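S.K.: Structure below; questions to follow.
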Amino acid sequence: MAENLYTQPMLKENSLKDKVILITGGGTGLGKSMGTHFSELGADLIITSRKMDVLEKTAKEISEKTGNKVLPVMCDVRDYSQVENLLQASIKNFDKVDALLNNAAGNFISPTERLSNRAFDIIVEIVLKGTYNCTLAFGKNWIDQKQKATILNIVTTYAWTGSAYVVPSACAKAGVLALTRSLAVEWAKYGIRSNAIAPGPFPTKGAWERLFPEEMRALFDIKKKVPLGRVGEHQELSNLAAYLISDFSSFMNGEVVTIDGGEWLKGAGEFNMFENLTPEMWDQVEKIVKNIKGS
Ligand code: HXC
Ligand code: NAP
């Protein structure tokens, strides 16, 4: 059987050639997958997170696969001075950075009343503060250098709906979405575009261990939440991210692109709960409703 098209690369070779792309949280999960694909498309990368051993392993793996440069730099994005060092290391090695992918995150499920203030802080600081720290440091440099650039922020669909049991993450991702849309207008005059992607469920070790632990998976089938009946493939997210980073998307600015198989809308539509009605039940309903006359 032919492989699904969505598990294959979409953009043509060298679509990201001569681009230098910085990926926060680039050593694992979706950051690693997107980085691998950007590198396959000709980009040089800087990947960053708190764990140097993880970054070094990923950098080696990617550059051996693609032949392009991958620089691992340790940086806790919550700390602005570390982000400034990250910027300096990036410029020293590559002279410039063309794109910033704000992908680093922290999250866990918990009833909100069980959270300590420190637990709330830690998530908001990684997701929101980490994103604005990197955006501010790199943005100031781009504006000073009169360099065109692009920012891509990874949010979630609950950035606009909110979600129970991941409240710090929901608050922080909502802030990142506001940042994306605000700067899309404010920094467009400098040639800086800002966009976001809101992924639905894309299995990764980091997210699955914390959000869908083994015991929960037995109780809830995540695929059932998705109208298309499956979870996402990393390649399809990578294709979208590569497009939004590339010059093919030069007129896209301030957009948040949802890639979730229709998941959030299924939770939102007033009558979506009727999904399990059989055709016979619909016959009955039709008969009853058609018999209602007048007000
Ligand atoms: C309640 C918790 C908790 C839990 C930690 N805390 N886990 N509270 N329930 N499950 C509290 C601790 O008690 C502590 O507060 C505070 O949080 C900090 O805990 P630490 O152990 O010091 O923090 P640490 O382990 O360093 O970091 C926690 C973390 C970590 C940041 C969340 O798991 C991490 O490094 N995550 C990075 C990767 C990640 O989370 N990836 C998933 C992204 S998925 P006190 O007061 O006791 O000191 C995602 C997608 C969502 O965002 C959408 C999916 C569809
Ligand atoms: P992941 O592998 O756990 O990725 C999170 C990354 O963030 C890790 O590499 C982690 O590395 C890094 N990070 C955490 N705290 C950091 C800090 N203070 N400074 C720098 N880096 C830090 O999880 P993932 O699933 O790939 O998530 C990637 C992104 O996709 C996140 O923004 C997440 O919210 C989003 N997302 C994921 C899904 C999904 O289904 N997987 C759905 C919607 C949105 P260190 O621990 O080494 O620092």
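Within each chain, counting starts at residue 1; across the structure tokens, chains are named A, B, ... in the order shown, with ligands numbered 1 upward in that order.
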Would you name the residues within 8 Å of ligand 1, counting only C-alpha atoms and all ligand atoms, and put them as a PyMOL selection string?
M.R.: chain A and resi 104-111+114-123+126+155-157+169+199-202+206-208+210-211
S.K.: What does the file look like for those residues with C-alpha atoms, as a PDB file, in the first residue's frame?
M.R.:
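Heads up, here's the output in selection-v7.pdb:
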ATOM      1  CA  ALA A 104       9.918  25.011  24.738  1.00  0.00           C
ATOM      2  CA  ALA A 105       7.193  24.264  27.263  1.00  0.00           C
ATOM      3  CA  GLY A 106       6.387  22.710  30.594  1.00  0.00           C
ATOM      4  CA  ASN A 107       3.045  21.229  31.570  1.00  0.00           C
ATOM      5  CA  PHE A 108       1.340  18.719  33.843  1.00  0.00           C
ATOM      6  CA  ILE A 109      -2.247  17.817  34.659  1.00  0.00           C
ATOM      7  CA  SER A 110      -3.626  18.768  38.028  1.00  0.00           C
ATOM      8  CA  PRO A 111      -6.766  20.190  39.620  1.00  0.00           C
ATOM      9  CA  ARG A 114      -3.915  21.389  44.305  1.00  0.00           C
ATOM     10  CA  LEU A 115      -1.242  23.585  42.737  1.00  0.00           C
ATOM     11  CA  SER A 116       1.190  25.568  44.805  1.00  0.00           C
ATOM     12  CA  ASN A 117       1.947  29.093  43.607  1.00  0.00           C
ATOM     13  CA  ARG A 118       5.405  27.779  42.650  1.00  0.00           C
ATOM     14  CA  ALA A 119       3.864  25.082  40.449  1.00  0.00           C
ATOM     15  CA  PHE A 120       1.785  27.729  38.657  1.00  0.00           C
ATOM     16  CA  ASP A 121       4.854  29.977  38.288  1.00  0.00           C
ATOM     17  CA  ILE A 122       7.066  27.277  36.830  1.00  0.00           C
ATOM     18  CA  ILE A 123       4.749  26.580  33.887  1.00  0.00           C
ATOM     19  CA  ILE A 126       8.743  28.445  30.864  1.00  0.00           C
ATOM     20  CA  VAL A 155       0.613  27.199  21.229  1.00  0.00           C
ATOM     21  CA  THR A 156      -2.319  24.811  21.802  1.00  0.00           C
ATOM     22  CA  THR A 157      -5.993  24.927  20.870  1.00  0.00           C
ATOM     23  CA  SER A 169      -0.445  26.147  30.602  1.00  0.00           C
ATOM     24  CA  PRO A 199      -1.285  21.417  17.365  1.00  0.00           C
ATOM     25  CA  GLY A 200      -3.802  18.872  18.569  1.00  0.00           C
ATOM     26  CA  PRO A 201      -2.495  15.570  19.946  1.00  0.00           C
ATOM     27  CA  PHE A 202       0.923  14.617  18.529  1.00  0.00           C
ATOM     28  CA  GLY A 206       7.410  14.651  27.153  1.00  0.00           C
ATOM     29  CA  ALA A 207       3.704  15.366  26.669  1.00  0.00           C
ATOM     30  CA  TRP A 208       2.352  11.828  26.917  1.00  0.00           C
ATOM     31  CA  ARG A 210       2.841  14.083  31.869  1.00  0.00           C
ATOM     32  CA  LEU A 211      -0.589  14.550  30.279  1.00  0.00           C
TER      33      LEU A 211
END
S.K.: Which residues come within 9 Å of range 187-194 of chain A, counting only C-alpha atoms, excluding same-chain residues fewer than 6 positions away, as a JSON list (two decimals) with N, CA, C and O atoms, in the first residue's frame?
M.R.:
[["chain", "number", "residue", "atom", "x", "y", "z"],
["A", 139, "GLY", "N", 14.37, 39.82, 18.82],
["A", 139, "GLY", "CA", 13.69, 40.91, 18.11],
["A", 139, "GLY", "C", 14.49, 42.19, 18.15],
["A", 139, "GLY", "O", 14.66, 42.88, 17.13],
["A", 142, "TRP", "N", 17.31, 41.91, 15.70],
["A", 142, "TRP", "CA", 16.87, 42.03, 14.31],
["A", 142, "TRP", "C", 16.59, 43.49, 13.94],
["A", 142, "TRP", "O", 16.94, 43.95, 12.85],
["A", 143, "ILE", "N", 15.95, 44.19, 14.87],
["A", 143, "ILE", "CA", 15.59, 45.59, 14.59],
["A", 143, "ILE", "C", 16.86, 46.43, 14.47],
["A", 143, "ILE", "O", 17.02, 47.21, 13.54],
["A", 146, "LYS", "N", 18.57, 45.71, 11.27],
["A", 146, "LYS", "CA", 17.69, 45.89, 10.10],
["A", 146, "LYS", "C", 17.58, 44.58, 9.30],
["A", 146, "LYS", "O", 17.68, 44.56, 8.08],
["A", 147, "GLN", "N", 17.37, 43.50, 10.07],
["A", 147, "GLN", "CA", 17.31, 42.19, 9.44],
["A", 147, "GLN", "C", 15.88, 41.66, 9.41],
["A", 147, "GLN", "O", 15.18, 41.70, 10.43],
["A", 148, "LYS", "N", 15.46, 41.18, 8.26],
["A", 148, "LYS", "CA", 14.14, 40.55, 8.18],
["A", 148, "LYS", "C", 14.18, 39.22, 8.92],
["A", 148, "LYS", "O", 15.20, 38.53, 8.87],
["A", 149, "ALA", "N", 13.07, 38.85, 9.55],
["A", 149, "ALA", "CA", 13.08, 37.60, 10.31],
["A", 149, "ALA", "C", 11.65, 37.10, 10.51],
["A", 149, "ALA", "O", 10.69, 37.80, 10.17],
["A", 150, "THR", "N", 11.56, 35.90, 11.05],
["A", 150, "THR", "CA", 10.23, 35.36, 11.31],
["A", 150, "THR", "C", 10.19, 34.62, 12.65],
["A", 150, "THR", "O", 11.17, 33.98, 13.05],
["A", 151, "ILE", "N", 9.05, 34.77, 13.31],
["A", 151, "ILE", "CA", 8.86, 34.12, 14.61],
["A", 151, "ILE", "C", 7.71, 33.13, 14.46],
["A", 151, "ILE", "O", 6.68, 33.47, 13.87],
["A", 152, "LEU", "N", 7.92, 31.92, 14.96],
["A", 152, "LEU", "CA", 6.84, 30.93, 14.96],
["A", 152, "LEU", "C", 6.68, 30.41, 16.38],
["A", 152, "LEU", "O", 7.64, 29.92, 16.98],
["A", 153, "ASN", "N", 5.48, 30.58, 16.92],
["A", 153, "ASN", "CA", 5.22, 30.16, 18.30],
["A", 153, "ASN", "C", 4.32, 28.92, 18.32],
["A", 153, "ASN", "O", 3.31, 28.88, 17.61],
["A", 179, "LEU", "N", 0.78, 37.64, 22.26],
["A", 179, "LEU", "CA", 2.09, 38.16, 21.84],
["A", 179, "LEU", "C", 2.26, 38.01, 20.32],
["A", 179, "LEU", "O", 2.70, 38.94, 19.64],
["A", 180, "THR", "N", 1.87, 36.86, 19.81],
["A", 180, "THR", "CA", 1.99, 36.57, 18.37],
["A", 180, "THR", "C", 1.23, 37.62, 17.56],
["A", 180, "THR", "O", 1.75, 38.21, 16.60],
["A", 181, "ARG", "N", -0.03, 37.83, 17.94],
["A", 181, "ARG", "CA", -0.88, 38.73, 17.17],
["A", 181, "ARG", "C", -0.47, 40.19, 17.34],
["A", 181, "ARG", "O", -0.56, 40.98, 16.40],
["A", 250, "SER", "N", 5.43, 34.32, 2.92],
["A", 250, "SER", "CA", 5.80, 35.72, 3.19],
["A", 250, "SER", "C", 4.62, 36.66, 3.48],
["A", 250, "SER", "O", 4.80, 37.71, 4.08],
["A", 251, "PHE", "N", 3.41, 36.29, 3.04],
["A", 251, "PHE", "CA", 2.26, 37.17, 3.29],
["A", 251, "PHE", "C", 1.43, 36.69, 4.48],
["A", 251, "PHE", "O", 0.37, 37.24, 4.78],
["A", 252, "MET", "N", 1.91, 35.65, 5.16],
["A", 252, "MET", "CA", 1.21, 35.18, 6.36],
["A", 252, "MET", "C", 1.81, 35.86, 7.57],
["A", 252, "MET", "O", 3.01, 35.77, 7.81],
["A", 253, "ASN", "N", 0.97, 36.52, 8.33],
["A", 253, "ASN", "CA", 1.45, 37.27, 9.48],
["A", 253, "ASN", "C", 0.30, 37.42, 10.47],
["A", 253, "ASN", "O", -0.78, 37.87, 10.10],
["A", 254, "GLY", "N", 0.54, 37.01, 11.72],
["A", 254, "GLY", "CA", -0.49, 37.13, 12.76],
["A", 254, "GLY", "C", -1.49, 35.98, 12.75],
["A", 254, "GLY", "O", -2.52, 36.04, 13.41],
["A", 255, "GLU", "N", -1.14, 34.92, 12.04],
["A", 255, "GLU", "CA", -2.09, 33.81, 11.91],
["A", 255, "GLU", "C", -1.75, 32.73, 12.95],
["A", 255, "GLU", "O", -0.60, 32.51, 13.29]]
S.K.: Between A:Lys12, A:Lys32, A:Lys140, A:Lys19, which one has atoms that come closest to ligand 2, using only C-alpha atoms and all ligand atoms?
M.R.: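 Residue with the minimum atom-to-atom distance to ligand 2: A:Lys32.
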S.K.: Considering only C-alpha atoms and all ligand atoms, state which residue in the set A:Asn14, A:Gln82, A:Asn141, A:Ser90 is at the smallest distance from ligand 2.
M.R.: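 Among the listed residues, the smallest separation from ligand 2 belongs to A:Gln82.
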S.K.: Counting only C-alpha atoms, what is within 12 Å of Lys92 in chain A, bar same-chain residues fewer than 6 positions away, as a PyMOL selection string?
M.R.: chain A and resi 46+71+85-86
S.K.: Export all heavy atoms of the chosen residues as an mmCIF file, in the first residue's frame?
M.R.:
data_model
loop_
_atom_site.group_PDB
_atom_site.id
_atom_site.type_symbol
_atom_site.label_atom_id
_atom_site.label_comp_id
_atom_site.auth_asym_id
_atom_site.auth_seq_id
_atom_site.Cartn_x
_atom_site.Cartn_y
_atom_site.Cartn_z
ATOM 1 N N ILE A 46 20.164 26.193 15.526
ATOM 2 C CA ILE A 46 20.653 26.302 16.898
ATOM 3 C C ILE A 46 19.536 25.669 17.724
ATOM 4 O O ILE A 46 18.364 26.056 17.575
ATOM 5 C CB ILE A 46 20.841 27.768 17.346
ATOM 6 C CG1 ILE A 46 21.805 28.480 16.400
ATOM 7 C CG2 ILE A 46 21.340 27.838 18.787
ATOM 8 C CD1 ILE A 46 21.325 29.799 15.918
ATOM 9 N N LEU A 71 23.938 23.624 16.052
ATOM 10 C CA LEU A 71 24.685 24.071 17.229
ATOM 11 C C LEU A 71 23.821 23.879 18.481
ATOM 12 O O LEU A 71 22.748 24.479 18.585
ATOM 13 C CB LEU A 71 25.026 25.568 17.065
ATOM 14 C CG LEU A 71 25.731 26.224 18.246
ATOM 15 C CD1 LEU A 71 27.168 25.740 18.378
ATOM 16 C CD2 LEU A 71 25.695 27.749 18.103
ATOM 17 N N ASN A 85 22.938 35.392 26.330
ATOM 18 C CA ASN A 85 24.121 34.579 25.991
ATOM 19 C C ASN A 85 23.842 33.684 24.792
ATOM 20 O O ASN A 85 24.711 33.472 23.939
ATOM 21 C CB ASN A 85 24.548 33.703 27.176
ATOM 22 C CG ASN A 85 25.087 34.535 28.321
ATOM 23 O OD1 ASN A 85 25.486 35.689 28.122
ATOM 24 N ND2 ASN A 85 25.096 33.976 29.524
ATOM 25 N N LEU A 86 22.629 33.173 24.740
ATOM 26 C CA LEU A 86 22.217 32.319 23.600
ATOM 27 C C LEU A 86 22.276 33.123 22.300
ATOM 28 O O LEU A 86 22.780 32.642 21.274
ATOM 29 C CB LEU A 86 20.788 31.809 23.863
ATOM 30 C CG LEU A 86 20.034 31.151 22.726
ATOM 31 C CD1 LEU A 86 20.663 29.806 22.368
ATOM 32 C CD2 LEU A 86 18.559 30.939 23.114
#
S.K.: Residues of range 78-171 of chain A in helix (DSSP H, G or I) according to DSSP, as a ChimeraX atom specification?
M.R.: /A:80-94,112-114,117-145,158-161,167-171
S.K.: Please compute the CA of Ala178 in chain A-CA of Thr48 in chain A distance, one decimal, in Å.
M.R.: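 Computing the Euclidean distance for CA of Ala178 in chain A and CA of Thr48 in chain A yields 23.7 Å.
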S.K.: Considering only strand (DSSP E or B) as DSSP defines it on the backbone, what residues of range 47-236 of chain A qualify? List them as a PyMOL selection string.
M.R.: chain A and resi 47-49+70-74+99-102+149-154+192-199
S.K.: Using only C-alpha atoms, determine which residues lie at most 7 Å from range 51-63 of chain A, disregarding the query and same-chain residues fewer than 6 positions distant; provide the list as a list of chain:residue names.
M.R.: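 Answer for this query is A:Gly27, A:Thr36, A:Lys69, A:Val70, A:Leu71, A:Pro72, A:Met74.
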S.K.: Go through A:Ala99, A:Ile259, A:Leu136, A:Met273 and flag the residue nearest ligand 2, using only C-alpha atoms and all ligand atoms for the distances.
M.R.: A:Ile259
S.K.: For CA of Leu30 in chain A and CA of Ala241 in chain A, quote the distance in Å rounded to one decimal.
M.R.: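 So the answer is 10.5 Å.
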S.K.: Which distance in Å separates CA of Ile21 in chain A and CA of Cys171 in chain A, to one decimal?
M.R.: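 These atoms are spaced 26.9 Å apart.
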